[in-house]
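K.L.:
Here's a structure for you.
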Amino acid sequence: MARYESLLDACGGTPLVGLPRLSPTVPEGAPPVRLWAKLEDRNPTGSIKDRAALFMVREAEESGHLHPGDTILEPTSGNTGIALAMVAKLRGYRLVCVMPENVSAERIQLLRMYGAEIIFSPAAGGSNQAVATAKQIAAEHPDWKMLFQYGNPANARAHYETTGPELLHDLPTITHFVAGLGTTGTLMGTGRFLKEKVDGIQIVAAEPRYGELVYGLRNIDEGYVPELYDASVLDRRFSVGTRDAVLRTRQLVEVEGIFAGFSSGAILHAALAVAHEAVKAGKGADVAFVIADGGWKYLSTGAYGGTLNDAEEALEGQLWA
Amino acid sequence: MAIEVRVPTILRSYTGGAKIVEGSGESLSALIDDLDAKHNGFKGRLITPEGGLHKFVNIYVNDEDVRFLGALDAKLSDGDSITILPAVAGGALGFVAAAALLGR
C-alpha cells in the first residue's frame with residue numbers, strides 16, 4: 001500500500017531487507033544463515049519510536065487521560081520526543097520534553113522544528129540532577145500529562161500488534177529477533193508475539209554500554225529497571241560497547257549501504273554473534289534485527305569518520321542509543 | 001585461573017580505585033567469593049541477603065548477561081572477561097526523571 005489518509009496512517013509497514021554481504025558464509029552444503037534488517041528509519045519521523053508514540057497517544061485519548069489542548073510532558077533522550085512531537089502536533093497537543101543536555105544537536109533542532117518545548121537537565125548532575133529537575137517541573141505544573149514510555153503497556157503493545165506481525169508475515173522462517181534494550185517496549189511486544197507464533201524462536205537483546213559518565217550513580221540502589229521489562233521474554237542479552245557499536249554502524253553503510261544510528265550498530269553486533277554461532281553449530285538461521293533510526297541525527301558527533309579511537313572518544317559521555 | 005573483572009565507578013571504593021581486578025573461580029559465585037576475600041565487602045554490594053543477584057546489578061560474561069547463562073551458577077573459564085554495571089542503561093536519565101515525576 002502506498003497511499004495513506006495522513007502521515008499518522010503511514011506509521012509502520014517498514015521494509016525488511018536482506019544483508020547478503022554481511023551475512024556469514026556457511027560451509028558448502030550447510031543450511032544458509034541470513035541476516036535481515038527491518039528499516040524502522042522509514043517511519044514518519046525516522047525512528048522506531050513512532051510506533052510507540054502513536055499507540056501511547058491513541059490509548060491515552062481512548063481512556064480519557066488526554067483531552068484536546070492538553071500538555072504532554074515526556075522525559076526523553078531523543079527519538080521518543082521527536083515522535084511524540086509529530087503526533088502531538090497532528091493530534092492537537094502541546095509537548096514539553098525534559099532531556100539531558102548531552103544529546104546530539106540534531107535531536108534538539110528537530111524537536112524544536114516540530115514545535116516541542118525543551119527543558120534541559122544538566123548532564124554533569126547525572127541522574128540525581130534529572131530527578132531534581134523533573135520533580136520541580138511536576139510540582140509547578142500538576143496538570144501536565146505523562147505517557148511514561150518505560151511503564152506504558154501501549155508502548156509494548158504497539159510492537160505486539162504491528163512490528164511482530166509484520167516480521168512474521170515477511171519472514172515466516174524467522175529463527176532470531178534482535179533489538180535494542182532501552183524502554184524494552186520493542187523487545188517485550190515483538191518478543192511476546194513471536195514467541196506465541198514461532199516455536200523455538202530466540203529473542204535477543206542488545207544493550208548499549210555507554211561511557212562511565214552515564215553510570216554516575218552514587219549508589220547501586222539508585223539503579224533502574226523499566227517496569228515493562230520481563231526477563232522471561234528474552235533468551236539472550238548482550239552488552240555492546242561504544243567501539244563495537246561504531247564499528248558495526250560503519251560496516252552497515254560501507255558494506256550494505258544502510259546509513260543507521262549507533263544503536264543499530266550495537267544491534268547488528270549482537271545479531272552477528274548469534275548468526276556466527278548458528279554457522280558453528282551447522283544450523284540454518286534467519287536472523288531479523290532492527291535498524292532503529294538513520295544516522296542523520298548523529299553526524300555532528302563526528303563518530304562516522306576518523307579512527308575507532310577517535311569515534312569512541314567523540315561518543316564518551318553521550319547517550320548514543 | 002585468571003579472570004578479568006571490570007568494576008564500575010560506584011564499586012571502586014572496594015578495589016582501592018582499580019577499574020580492573022583479577023579473580024578466579026569456576027562459577028560466578030566462586031569468583032565473587034574470591035573477589036570478596038581480596039576486596040572486603042564487595043560481595044555484599046552484588047548479592048542480596050537472600051543470596052540472589054541484586055536487582056540493580058548487571059553482570060556480563062564476555063559481554064553476555066549472566067542472568068541468561070545460569071546467573072550465579074554460570075560457568076567461567078580462564079580468560080573470560082567480566083563486566084559489572086549498575087542497571088541504568090537505555091535512556092537512563094529519561095527514565096529516572098519519568099519515575100520521579102510519577103512518584104515511583
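Here's how to read the names in the C-alpha cells: chain A, B, ... by the order shown, residue numbers from 1 in each chain, ligand numbers from 1 in the order shown.
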Would you kindly return, as a tab-separated table (two decimals) with all heavy atoms, in the first residue's frame, each protein, DNA or RNA residue with an atom no farther than 9 Å from any atom of Thr163 of chain A, considering only C-alpha atoms and excluding same-chain residues fewer than 5 positions away?
P.N.:
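The result, stored in selection01.tsv:
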```
chain	number	residue	atom	x	y	z
A	12	GLY	N	4.70	2.49	10.54
A	12	GLY	CA	4.86	1.03	10.46
A	12	GLY	C	4.90	0.55	9.02
A	12	GLY	O	5.06	1.33	8.09
A	13	GLY	N	4.74	-0.76	8.83
A	13	GLY	CA	4.80	-1.34	7.49
A	13	GLY	C	6.15	-1.11	6.85
A	13	GLY	O	6.27	-0.91	5.63
A	14	THR	N	7.20	-1.17	7.65
A	14	THR	CA	8.56	-0.87	7.16
A	14	THR	C	9.16	-2.07	6.40
A	14	THR	O	8.78	-3.21	6.66
A	14	THR	CB	9.48	-0.52	8.34
A	14	THR	OG1	9.42	-1.59	9.29
A	14	THR	CG2	9.05	0.77	9.01
A	51	ARG	N	6.08	4.22	16.36
A	51	ARG	CA	5.05	3.21	16.67
A	51	ARG	C	4.54	3.38	18.10
A	51	ARG	O	3.34	3.40	18.35
A	51	ARG	CB	5.62	1.80	16.50
A	51	ARG	CG	6.03	1.45	15.08
A	51	ARG	CD	6.61	0.04	15.08
A	51	ARG	NE	7.25	-0.31	13.81
A	51	ARG	CZ	6.68	-1.04	12.85
A	51	ARG	NH1	5.47	-1.50	13.01
A	51	ARG	NH2	7.34	-1.32	11.74
A	158	ALA	N	2.25	-1.67	20.89
A	158	ALA	CA	2.50	-1.20	19.53
A	158	ALA	C	3.29	-2.25	18.76
A	158	ALA	O	3.02	-2.53	17.58
A	158	ALA	CB	3.28	0.12	19.57
A	168	LEU	N	6.66	-11.57	11.03
A	168	LEU	CA	6.23	-12.93	10.75
A	168	LEU	C	5.69	-13.05	9.32
A	168	LEU	O	5.93	-14.04	8.63
A	168	LEU	CB	5.16	-13.36	11.76
A	168	LEU	CG	4.74	-14.83	11.69
A	168	LEU	CD1	5.92	-15.75	11.95
A	168	LEU	CD2	3.60	-15.13	12.66
A	186	THR	N	10.10	-2.53	22.48
A	186	THR	CA	10.24	-3.26	21.22
A	186	THR	C	10.41	-4.75	21.48
A	186	THR	O	9.74	-5.59	20.87
A	186	THR	CB	11.47	-2.76	20.43
A	186	THR	OG1	11.37	-1.36	20.25
A	186	THR	CG2	11.57	-3.45	19.08
A	189	GLY	N	7.15	-6.41	23.31
A	189	GLY	CA	5.98	-6.57	22.44
A	189	GLY	C	6.23	-7.52	21.28
A	189	GLY	O	5.50	-8.49	21.08
A	190	THR	N	7.30	-7.27	20.52
A	190	THR	CA	7.62	-8.13	19.38
A	190	THR	C	7.96	-9.54	19.87
A	190	THR	O	7.53	-10.53	19.27
A	190	THR	CB	8.83	-7.56	18.60
A	190	THR	OG1	8.62	-6.17	18.36
A	190	THR	CG2	9.01	-8.28	17.28
```
K.L.:
Using only C-alpha atoms, determine which residues lie at most 9 Å from Val17 of chain A, disregarding the query and same-chain residues fewer than 3 positions distant; provide the list as an MDAnalysis selection string.
P.N.:
chainID A and resid 35:39
K.L.:
Could you please write out, as a VMD selection string, every residue of segment 6-229 of chain A that DSSP assigns to strand (DSSP E)?
P.N.:
chain A and resid 16 to 18 33 to 39 71 to 75 94 to 100 117 to 121 145 to 146 176 to 180 202 to 209
K.L.:
Write out as a ChimeraX atom specification all residues of segment 5-97 of chain B that DSSP puts in alpha helix (DSSP H) for this structure's backbone.
P.N.:
/B:28-38,42-46,92-97
K.L.:
Do you know which residues are at most 9 Å from Asp80 of chain B counting only C-alpha atoms, after dropping those on the same chain fewer than 3 positions away, and could you put them as a JSON list (two decimals) with N, CA, C and O atoms, in the first residue's frame?
P.N.:
```
[["chain", "number", "residue", "atom", "x", "y", "z"],
["B", 2, "ALA", "N", 42.91, -17.04, 35.76],
["B", 2, "ALA", "CA", 42.75, -15.60, 35.86],
["B", 2, "ALA", "C", 41.53, -15.13, 35.06],
["B", 2, "ALA", "O", 41.39, -15.46, 33.88],
["B", 3, "ILE", "N", 40.68, -14.41, 35.72],
["B", 3, "ILE", "CA", 39.51, -13.82, 35.06],
["B", 3, "ILE", "C", 39.53, -12.32, 35.33],
["B", 3, "ILE", "O", 39.67, -11.89, 36.47],
["B", 4, "GLU", "N", 39.41, -11.56, 34.24],
["B", 4, "GLU", "CA", 39.46, -10.10, 34.36],
["B", 4, "GLU", "C", 38.07, -9.56, 34.69],
["B", 4, "GLU", "O", 37.09, -9.95, 34.06],
["B", 5, "VAL", "N", 38.01, -8.69, 35.69],
["B", 5, "VAL", "CA", 36.72, -8.16, 36.12],
["B", 5, "VAL", "C", 36.74, -6.63, 36.03],
["B", 5, "VAL", "O", 37.59, -5.98, 36.65],
["B", 61, "VAL", "N", 29.30, -11.82, 31.23],
["B", 61, "VAL", "CA", 30.45, -12.66, 30.95],
["B", 61, "VAL", "C", 30.71, -12.56, 29.45],
["B", 61, "VAL", "O", 29.83, -12.93, 28.65],
["B", 62, "ASN", "N", 31.86, -12.06, 29.09],
["B", 62, "ASN", "CA", 32.17, -11.84, 27.67],
["B", 62, "ASN", "C", 31.02, -11.11, 26.98],
["B", 62, "ASN", "O", 30.55, -11.51, 25.91],
["B", 76, "LEU", "N", 32.53, -20.39, 34.44],
["B", 76, "LEU", "CA", 33.54, -19.47, 33.92],
["B", 76, "LEU", "C", 34.78, -20.25, 33.49],
["B", 76, "LEU", "O", 35.05, -21.34, 33.99],
["B", 77, "SER", "N", 35.53, -19.66, 32.56],
["B", 77, "SER", "CA", 36.77, -20.28, 32.08],
["B", 77, "SER", "C", 37.89, -19.25, 32.14],
["B", 77, "SER", "O", 37.64, -18.04, 32.11]]
```
K.L.:
Please identify every residue of segment 69-102 of chain A that has at least one atom no farther than 10 Å from an atom of segment 296-316 of chain A, counting only C-alpha atoms, and for each give the shortest atom pair and the distance in Å to one decimal, arranged by chain then increasing number, as a tab-separated table.
P.N.:
```
residue	atom	partner	partner_atom	distance
A:Gly78	CA	A:Lys297	CA	9.6
A:Asn79	CA	A:Lys297	CA	9.6
A:Asn102	CA	A:Leu315	CA	10.0
```
K.L.:
Using the selection just defined, write its residues with N, CA, C and O atoms as a short mmCIF file (atom, residue, chain, number, x, y, z; two decimals), in the first residue's frame.
P.N.:
```
data_model
loop_
_atom_site.label_atom_id
_atom_site.label_comp_id
_atom_site.auth_asym_id
_atom_site.auth_seq_id
_atom_site.Cartn_x
_atom_site.Cartn_y
_atom_site.Cartn_z
N GLY A 78 15.57 11.55 23.26
CA GLY A 78 15.60 11.89 21.84
C GLY A 78 14.46 11.40 20.98
O GLY A 78 13.48 12.12 20.79
N ASN A 79 14.59 10.18 20.44
CA ASN A 79 13.66 9.74 19.40
C ASN A 79 12.20 9.72 19.84
O ASN A 79 11.32 10.05 19.06
N ASN A 102 23.32 16.32 27.15
CA ASN A 102 24.34 15.63 26.36
C ASN A 102 23.75 14.77 25.26
O ASN A 102 24.21 13.67 25.00
#
```
K.L.:
Give the answer as one residue: which of A:Leu111, A:Leu171, A:Ala245, A:Ala270 has the shortest atom-to-atom distance to chain B, using only C-alpha atoms?
P.N.:
A:Ala270
K.L.:
Between atom CA of Val287 of chain A and atom CA of Gly151 of chain A, what is the distance, to one decimal in Å?
P.N.:
27.9 Å
K.L.:
Can you tell me which residues surround Ile82 of chain A at a distance of at most 10 Å, considering only C-alpha atoms, apart from same-chain residues fewer than 3 positions away, and format the answer as a list in words?
P.N.:
Thr45, Gly46, Ser47, Lys49, Asp50, Ala53, Thr76, Ser77, Gly78, Asn79, Ala85, Met86, Val87, Ala88, Leu95, Cys97, Arg107, Ile108, Gln109, Leu110, Leu111, Arg112, Met113, Tyr114, Gly115 and Ala116 of chain A
K.L.:
Taking into account only C-alpha atoms, which residue in the set B:Ile32, B:Leu72, B:Ile20, B:Val66 is nearest to chain A?
P.N.:
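Result for the nearest residue to chain A: B:Val66.
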K.L.:
Which value, in Å to one decimal, gives the distance between atom CA of Lys89 of chain A and atom CA of Thr184 of chain A?
P.N.:
25.7 Å
K.L.:
So how far away is atom CA of Arg236 of chain A from atom CA of Val204 of chain A, in Å?
P.N.:
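Atom-to-atom, atom CA of Val204 of chain A to atom CA of Arg236 of chain A, that is 4.9 Å.
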K.L.:
From the options A:Ala231, A:Val98, A:Ala154, A:Val290, which residue's atoms come nearest to Thr133 of chain A, counting only C-alpha atoms?
P.N.:
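Looking only at the distances to Thr133 of chain A, the closest residue turns out to be A:Val98.
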K.L.:
May I ask which of the residues B:Ala74, B:Gly16, B:Thr83, B:Ala37 is the closest one to chain A, counting only C-alpha atoms?
P.N.:
B:Thr83
K.L.:
Might you pull out every residue within 7 Å of segment 50-58 of chain B, with only C-alpha atoms counted and same-chain residues fewer than 4 positions away left off, and present them as a list in words?
P.N.:
Ile220, Asp221, Gly223 and Tyr224 of chain A; Leu46, Asp65, Ile84, Leu85, Pro86 and Ala87 of chain B
K.L.:
Taking only C-alpha atoms into account, name the residue in B:Arg45, B:Val21, B:His39, B:Ser29 that is nearest to chain A.
P.N.:
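Answer, going by the shortest atom-to-atom distance: B:Arg45.
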K.L.:
Can you tell me, as a list in words, what residues are no more than 12 Å from Leu19 of chain A when counting only C-alpha atoms, ignoring any on the same chain fewer than 6 positions away?
P.N.:
Thr25, Val33, Arg34, Leu35, Trp36, Ala37, Lys38, Leu39, Gln251, Leu252, Val253, Val255, Glu256, Gly257, Ile258, Leu268, Ala271, Leu272, Asp286, Val287, Ala288 and Phe289 of chain A
K.L.:
Between B:Lys75, B:Arg12, B:Arg6, B:Lys19, which residue has the minimum interatomic distance to Phe42 of chain B, considering only C-alpha atoms?
P.N.:
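Using only C-alpha atoms, the shortest distance to Phe42 of chain B belongs to B:Arg12.
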